[in-house]
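Data first, discussion second: the structure below is written as structure tokens.
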Amino acid sequence: MASKSGSVSTGWKRVLGAIPLHVVLILICIAWIIPSAGLLVSSFRPRSMVATNGWWEAFKTPFAFTLENYAYVLTRGNMGRSFVNSLLIAVPSTLIPIFIGACTAYAFAWMRFPLRKPLYLMVVALIVVPLQMTLIPVLRLFNKIGLTGNFIGIWLAHTAYGLPFAIYLLRNFISQLPRSLIESAQIDGASHPTIFLRLVLPTSIPAISSLAIFQFMWVWNDLLIALIFLGGTPDVAPMTVTISSMVNSYGGGWEYLTAAAFISMVLPLVVFFALQKYFVKGVLAGSIKE
Amino acid sequence: MHTNYILVAVVALAVIPIFLWAYLMITERIAAHASRKAAGILRPWFWILPAVSLLIIFLVYPVVNTVVLSFMDARSENFVGLQNYLYIFSDSGMLVVLKNNLLWLVFFTLVCLMLGLLIAVLSDRVKYESVAKACIFLPMAISFVAAGVIWRFMYEFRPAGTPQIGTVNAILTALFPNFEPKAWLFNRSTNNIALIVVGIWMWTGFAMVILSAGLKGISEDVLEAARIDGAGEIAIFFKIILPLMMPTITVVATTLIINVLKVFDIVYVMTNGNLGTEVIANRMYKEMFNFRNYGRASAIATLLLLAIIPVMIMNLKRFNAEEKNG
């Protein structure tokens, strides 16, 4: 046992020795936050200032902040409609694969049928298939049956692309439910739909919420699939597509670009801060996806 | 023609769930009316049918079809053998693309892993761990498109002598008086690295979260025992922590690699592949939409699949091992 004075001095040594650790860590954190902070500040600055001096000058008096950039991109820049489009794409593209995936996961976990194992291995293999491998044939199919440029086509595409991971994650969870739970419900005469809807779905809420956040963020932030299956139609374009075409047309119009980018970040950021725990869980579970 | 939003919303939120629910109920009625044996065979197929048919239409069939198209000409009319593949490995533009992907693969993966590990280890020792991790993880929630805008603004260039509005040039000119501001995205010697930095900014959080979870799994007793034996913190890191974390590091590395091979959005938004920054996925997009050469586009996609097949096999093996243990 060290004497009291000894432990105090080693305590001090520890504090001093830890200073480099804090400095490095805090510097990294600042470096990580600065890019987003610059965007946020710039989006509230008037046009003349964004273009002539750095965003950090905004904190010098006289302060000059404005909401004009937001008003402009939401009304004339098509961002208002794109926000609605992003919602109309992302919500169904999250709900449908979860429901279909859960049915399939339930069958894989609790029913016996021929080809069960090979079919499930196919699902696992499909998790990592690059979507690029599917674009040309699916686009041709969509062109043939008129599904390009509308929401139904993109819901179907996102559903199919999200399914392998959804089935994998949900089957892992659903197959861990106690056998006695399922069997006693069957003995009570409950049908499969009843067991699934009343028992399996409610008990799987933790896995479903992680998956929902993961899939929602994925669809919300997707550019490639929207670009290919929705074409350039501004009518149905989600925010990612609208912003990337704004980058091309406005080039250096930073006051608008920053406002538009921030609008697209609001919902993910709210989800992130409100549901960080589930989000991180989804990412942990998703570490084998893509 | 304007899309009718209300109709779309109603379809999305009411019709689809009711349709799916009705599907389950109707198929159950069919199964219930069938003989016991027939029901046992039919029912599982009813349950997996929607998913399996979607997977076949959108993934299995297209993958096979794309491989076939990769041996055909631009309009998928004539068989051309290996011509598209020969093009990929001989065209000077394509060689730049392959070189860029290699650059991405090495830098992105290594830096994400090392920074992720560093932050996981450092933040494990401080009281503000959750705040620090949230800062690093935050970019994961943002789209690549928004990140592209953020970083185009970071890299913005103004001629020397005028006030810099881009943060990177502003910091460097403030720190080093002799520094010449650079157009990071236009300068051929810096633009690829500038793009990779964006990827690193977005994905380090992912590496950190998973590595940090792995780190917390290491028993405190083992580390305490090593400390009592007089091992320094650095020796502990390299001799104990690192070897124990190898499986986690492998998982993170494979995920990063799969993602970096398919990188598209960052390049599309920031440079559109100009000035020697093109990568595989962007080239495929251009072959598909700008040049309408479906043969070459398919061959490029197939190349991507070939690169990912080892990971697929690893996943299947890991899954088989888990099933045997479970």
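Note on naming: chains are A, B, ... as they come in the structure tokens, residues start from 1 per chain, ligands start from 1 in the order shown.
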
With only C-alpha atoms considered, list every residue of chain B at most 7 Å from chain A, as number ranges by chain.
B: 2-3, 9, 12, 24-25, 41, 44, 47-48, 50-51, 54-55, 58-59, 62-63, 65-66, 119, 122, 132, 135-136, 141-143, 145-146, 149-151, 154, 163-166, 210, 252, 255, 258-259, 265, 269, 301-302, 305, 312, 316

Once DSSP has gone over the backbone, tell me which residues of region 8-176 of chain B are in helix (DSSP H, G or I), as a PyMOL selection string.
chain B and resi 8-33+36-69+83-90+92-123+129-141+144-154+167-175

Kindly export the residues of the current selection with C-alpha atoms, as a short mmCIF file (atom, residue, chain, number, x, y, z; two decimals), in the first residue's frame.
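The file below, part-v5.cif, is the result:
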data_model
loop_
_atom_site.label_atom_id
_atom_site.label_comp_id
_atom_site.auth_asym_id
_atom_site.auth_seq_id
_atom_site.Cartn_x
_atom_site.Cartn_y
_atom_site.Cartn_z
CA VAL B 8 -49.25 8.66 -53.03
CA ALA B 9 -49.35 9.16 -49.27
CA VAL B 10 -52.63 7.27 -48.94
CA VAL B 11 -51.29 4.40 -51.02
CA ALA B 12 -48.10 4.32 -49.00
CA LEU B 13 -49.63 4.46 -45.56
CA ALA B 14 -52.95 2.65 -45.94
CA VAL B 15 -53.24 0.52 -49.04
CA ILE B 16 -49.90 -1.26 -48.78
CA PRO B 17 -50.21 -2.40 -45.13
CA ILE B 18 -53.80 -3.53 -45.73
CA PHE B 19 -52.72 -5.39 -48.84
CA LEU B 20 -49.94 -7.20 -46.98
CA TRP B 21 -52.22 -8.03 -44.07
CA ALA B 22 -54.88 -9.33 -46.46
CA TYR B 23 -52.25 -11.47 -48.20
CA LEU B 24 -51.38 -13.19 -44.92
CA MET B 25 -55.05 -13.78 -44.06
CA ILE B 26 -56.07 -15.08 -47.48
CA THR B 27 -53.15 -17.45 -47.80
CA GLU B 28 -53.88 -18.74 -44.30
CA ARG B 29 -57.50 -19.42 -45.31
CA ILE B 30 -56.25 -21.33 -48.36
CA ALA B 31 -53.86 -23.34 -46.22
CA ALA B 32 -56.57 -23.99 -43.62
CA HIS B 33 -58.89 -25.43 -46.24
CA ARG B 36 -53.05 -31.11 -43.30
CA LYS B 37 -50.23 -32.40 -45.44
CA ALA B 38 -50.79 -29.93 -48.29
CA ALA B 39 -51.02 -27.07 -45.81
CA GLY B 40 -47.68 -28.04 -44.29
CA ILE B 41 -46.08 -27.81 -47.72
CA LEU B 42 -47.95 -24.74 -48.98
CA ARG B 43 -47.85 -22.48 -45.93
CA PRO B 44 -44.07 -21.82 -45.72
CA TRP B 45 -44.01 -20.97 -49.41
CA PHE B 46 -46.86 -18.52 -48.99
CA TRP B 47 -44.83 -16.81 -46.27
CA ILE B 48 -41.59 -16.51 -48.18
CA LEU B 49 -43.10 -15.95 -51.64
CA PRO B 50 -43.20 -12.10 -51.62
CA ALA B 51 -39.57 -11.78 -50.51
CA VAL B 52 -38.22 -14.57 -52.69
CA SER B 53 -39.93 -13.25 -55.81
CA LEU B 54 -38.64 -9.71 -55.17
CA LEU B 55 -35.12 -11.05 -54.60
CA ILE B 56 -35.22 -13.06 -57.81
CA ILE B 57 -36.59 -10.19 -59.91
CA PHE B 58 -34.35 -7.45 -58.49
CA LEU B 59 -31.17 -9.29 -57.52
CA VAL B 60 -30.68 -12.87 -58.70
CA TYR B 61 -31.89 -12.52 -62.27
CA PRO B 62 -30.19 -9.09 -62.84
CA VAL B 63 -26.86 -10.38 -61.54
CA VAL B 64 -26.93 -13.33 -63.96
CA ASN B 65 -28.15 -11.07 -66.76
CA THR B 66 -25.40 -8.48 -66.14
CA VAL B 67 -22.72 -11.18 -66.34
CA VAL B 68 -24.17 -12.26 -69.70
CA LEU B 69 -24.40 -8.64 -70.95
CA GLN B 83 -13.56 -7.58 -75.55
CA ASN B 84 -15.15 -5.48 -72.78
CA TYR B 85 -12.81 -6.96 -70.19
CA LEU B 86 -9.79 -6.37 -72.41
CA TYR B 87 -10.93 -2.77 -72.70
CA ILE B 88 -11.11 -2.40 -68.90
CA PHE B 89 -7.53 -3.54 -68.47
CA SER B 90 -5.98 -1.74 -71.43
CA SER B 92 -5.70 4.38 -70.39
CA GLY B 93 -8.75 6.05 -68.86
CA MET B 94 -9.83 2.78 -67.25
CA LEU B 95 -6.35 2.22 -65.83
CA VAL B 96 -6.63 5.59 -64.06
CA VAL B 97 -9.97 4.44 -62.67
CA LEU B 98 -8.47 1.21 -61.33
CA LYS B 99 -5.51 3.08 -59.87
CA ASN B 100 -7.85 5.53 -58.13
CA ASN B 101 -9.87 2.71 -56.62
CA LEU B 102 -6.69 1.15 -55.32
CA LEU B 103 -5.72 4.50 -53.79
CA TRP B 104 -9.14 4.75 -52.15
CA LEU B 105 -8.93 1.15 -50.95
CA VAL B 106 -5.57 1.58 -49.25
CA PHE B 107 -5.85 5.10 -47.81
CA PHE B 108 -9.49 5.06 -46.86
CA THR B 109 -9.37 1.66 -45.18
CA LEU B 110 -6.11 2.17 -43.31
CA VAL B 111 -6.82 5.69 -42.08
CA CYS B 112 -10.39 4.86 -41.01
CA LEU B 113 -9.13 1.85 -39.09
CA MET B 114 -6.25 3.64 -37.40
CA LEU B 115 -8.18 6.78 -36.51
CA GLY B 116 -11.16 4.73 -35.40
CA LEU B 117 -8.95 2.64 -33.15
CA LEU B 118 -7.11 5.68 -31.78
CA ILE B 119 -10.35 7.47 -30.92
CA ALA B 120 -11.87 4.32 -29.42
CA VAL B 121 -8.83 3.81 -27.17
CA LEU B 122 -8.50 7.48 -26.18
CA SER B 123 -12.18 8.11 -25.53
CA GLU B 129 -16.57 9.67 -23.88
CA SER B 130 -20.14 9.78 -25.21
CA VAL B 131 -19.82 13.41 -26.36
CA ALA B 132 -16.52 12.74 -28.12
CA LYS B 133 -17.91 9.66 -29.84
CA ALA B 134 -21.05 11.52 -30.92
CA CYS B 135 -18.88 14.18 -32.62
CA ILE B 136 -17.02 11.56 -34.62
CA PHE B 137 -20.09 9.47 -35.39
CA LEU B 138 -22.29 12.37 -36.47
CA PRO B 139 -21.23 12.40 -40.16
CA MET B 140 -22.58 8.82 -40.49
CA ALA B 141 -26.08 10.31 -40.29
CA PHE B 144 -22.78 11.66 -49.05
CA VAL B 145 -24.41 14.41 -51.08
CA ALA B 146 -24.62 16.77 -48.11
CA ALA B 147 -21.08 15.79 -47.15
CA GLY B 148 -20.04 16.64 -50.69
CA VAL B 149 -21.48 20.14 -50.32
CA ILE B 150 -19.88 20.54 -46.87
CA TRP B 151 -16.45 19.63 -48.17
CA ARG B 152 -16.63 21.51 -51.43
CA PHE B 153 -17.13 24.51 -49.18
CA MET B 154 -14.23 23.43 -46.94
CA THR B 167 -11.75 26.61 -44.09
CA VAL B 168 -8.84 24.44 -45.23
CA ASN B 169 -7.04 27.19 -47.12
CA ALA B 170 -7.86 29.74 -44.41
CA ILE B 171 -6.34 27.61 -41.64
CA LEU B 172 -3.23 26.78 -43.65
CA THR B 173 -2.59 30.38 -44.70
CA ALA B 174 -3.09 31.54 -41.11
CA LEU B 175 -0.68 28.94 -39.73
#

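Closest approach to Leu256 (chain B) among B:Phe71, B:Phe176, B:Phe206, B:Tyr268 is made by B:Phe206 (distances from only C-alpha atoms).
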
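CA of Thr248 (chain B) is positioned 15.8 Å from CA of Trp203 (chain B).
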
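Nearest residue to Tyr294 (chain B) among A:Gly17, A:Arg140, A:Thr203, A:Ser210 is A:Arg140, counting only C-alpha atoms.
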
Hey, what's within 10 Å of Arg47 (chain A) if we count only C-alpha atoms and toss same-chain stuff fewer than 6 positions away? As a ChimeraX atom specification, please?
/A:66,68-69,253-256

Resulting file, chosen residues, C-alpha atoms, as a PDB file, in the first residue's frame:
ATOM      1  CA  THR A  66     -30.813  35.858 -42.366  1.00  0.00           C
ATOM      2  CA  GLU A  68     -33.580  34.287 -46.792  1.00  0.00           C
ATOM      3  CA  ASN A  69     -31.455  31.415 -48.098  1.00  0.00           C
ATOM      4  CA  GLY A 253     -23.837  29.780 -54.778  1.00  0.00           C
ATOM      5  CA  TRP A 254     -22.813  28.770 -51.292  1.00  0.00           C
ATOM      6  CA  GLU A 255     -25.602  30.558 -49.451  1.00  0.00           C
ATOM      7  CA  TYR A 256     -28.176  28.354 -51.241  1.00  0.00           C
TER       8      TYR A 256
END

Point-to-point distance in Å for CA of Asn274 (chain B) and CA of Arg188 (chain B)
9.8 Å

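Ranking A:Ala71, A:Leu230, A:Ala212, A:Ile195 by their shortest atom-to-atom distance to Glu183 (chain A), with only C-alpha atoms included, puts A:Ile195 first.
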
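The space separating CA of Met72 (chain B) from CA of Gly295 (chain B) comes to 5.3 Å.
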
For Phe173 (chain A), please output as a ChimeraX atom specification all residues within 9 Å (counting only C-alpha atoms; exclusion window: fewer than 3 positions along the same chain).
/A:105,168-170,176-177,204,207

For the residues in the current selection, export N, CA and C atoms as a PDB file, in the first residue's frame.
ATOM      1  N   ALA A 105     -38.523 -13.910 -42.376  1.00  0.00           N
ATOM      2  CA  ALA A 105     -37.662 -14.313 -41.269  1.00  0.00           C
ATOM      3  C   ALA A 105     -38.391 -15.295 -40.362  1.00  0.00           C
ATOM      4  N   TYR A 168     -32.000 -11.217 -42.769  1.00  0.00           N
ATOM      5  CA  TYR A 168     -30.887 -11.734 -41.974  1.00  0.00           C
ATOM      6  C   TYR A 168     -30.971 -11.250 -40.521  1.00  0.00           C
ATOM      7  N   LEU A 169     -31.144  -9.932 -40.366  1.00  0.00           N
ATOM      8  CA  LEU A 169     -31.180  -9.357 -39.013  1.00  0.00           C
ATOM      9  C   LEU A 169     -32.387  -9.877 -38.232  1.00  0.00           C
ATOM     10  N   LEU A 170     -33.547  -9.892 -38.861  1.00  0.00           N
ATOM     11  CA  LEU A 170     -34.761 -10.291 -38.150  1.00  0.00           C
ATOM     12  C   LEU A 170     -34.777 -11.791 -37.862  1.00  0.00           C
ATOM     13  N   GLN A 176     -34.248 -16.586 -32.007  1.00  0.00           N
ATOM     14  CA  GLN A 176     -33.824 -16.669 -30.610  1.00  0.00           C
ATOM     15  C   GLN A 176     -35.003 -16.642 -29.638  1.00  0.00           C
ATOM     16  N   LEU A 177     -36.216 -16.358 -30.148  1.00  0.00           N
ATOM     17  CA  LEU A 177     -37.374 -16.348 -29.244  1.00  0.00           C
ATOM     18  C   LEU A 177     -37.550 -17.753 -28.665  1.00  0.00           C
ATOM     19  N   SER A 204     -40.411  -8.455 -31.230  1.00  0.00           N
ATOM     20  CA  SER A 204     -39.217  -8.135 -32.031  1.00  0.00           C
ATOM     21  C   SER A 204     -38.980  -6.638 -32.159  1.00  0.00           C
ATOM     22  N   ALA A 207     -35.297  -5.263 -32.378  1.00  0.00           N
ATOM     23  CA  ALA A 207     -34.603  -5.511 -33.652  1.00  0.00           C
ATOM     24  C   ALA A 207     -35.232  -4.685 -34.762  1.00  0.00           C
TER      25      ALA A 207
END
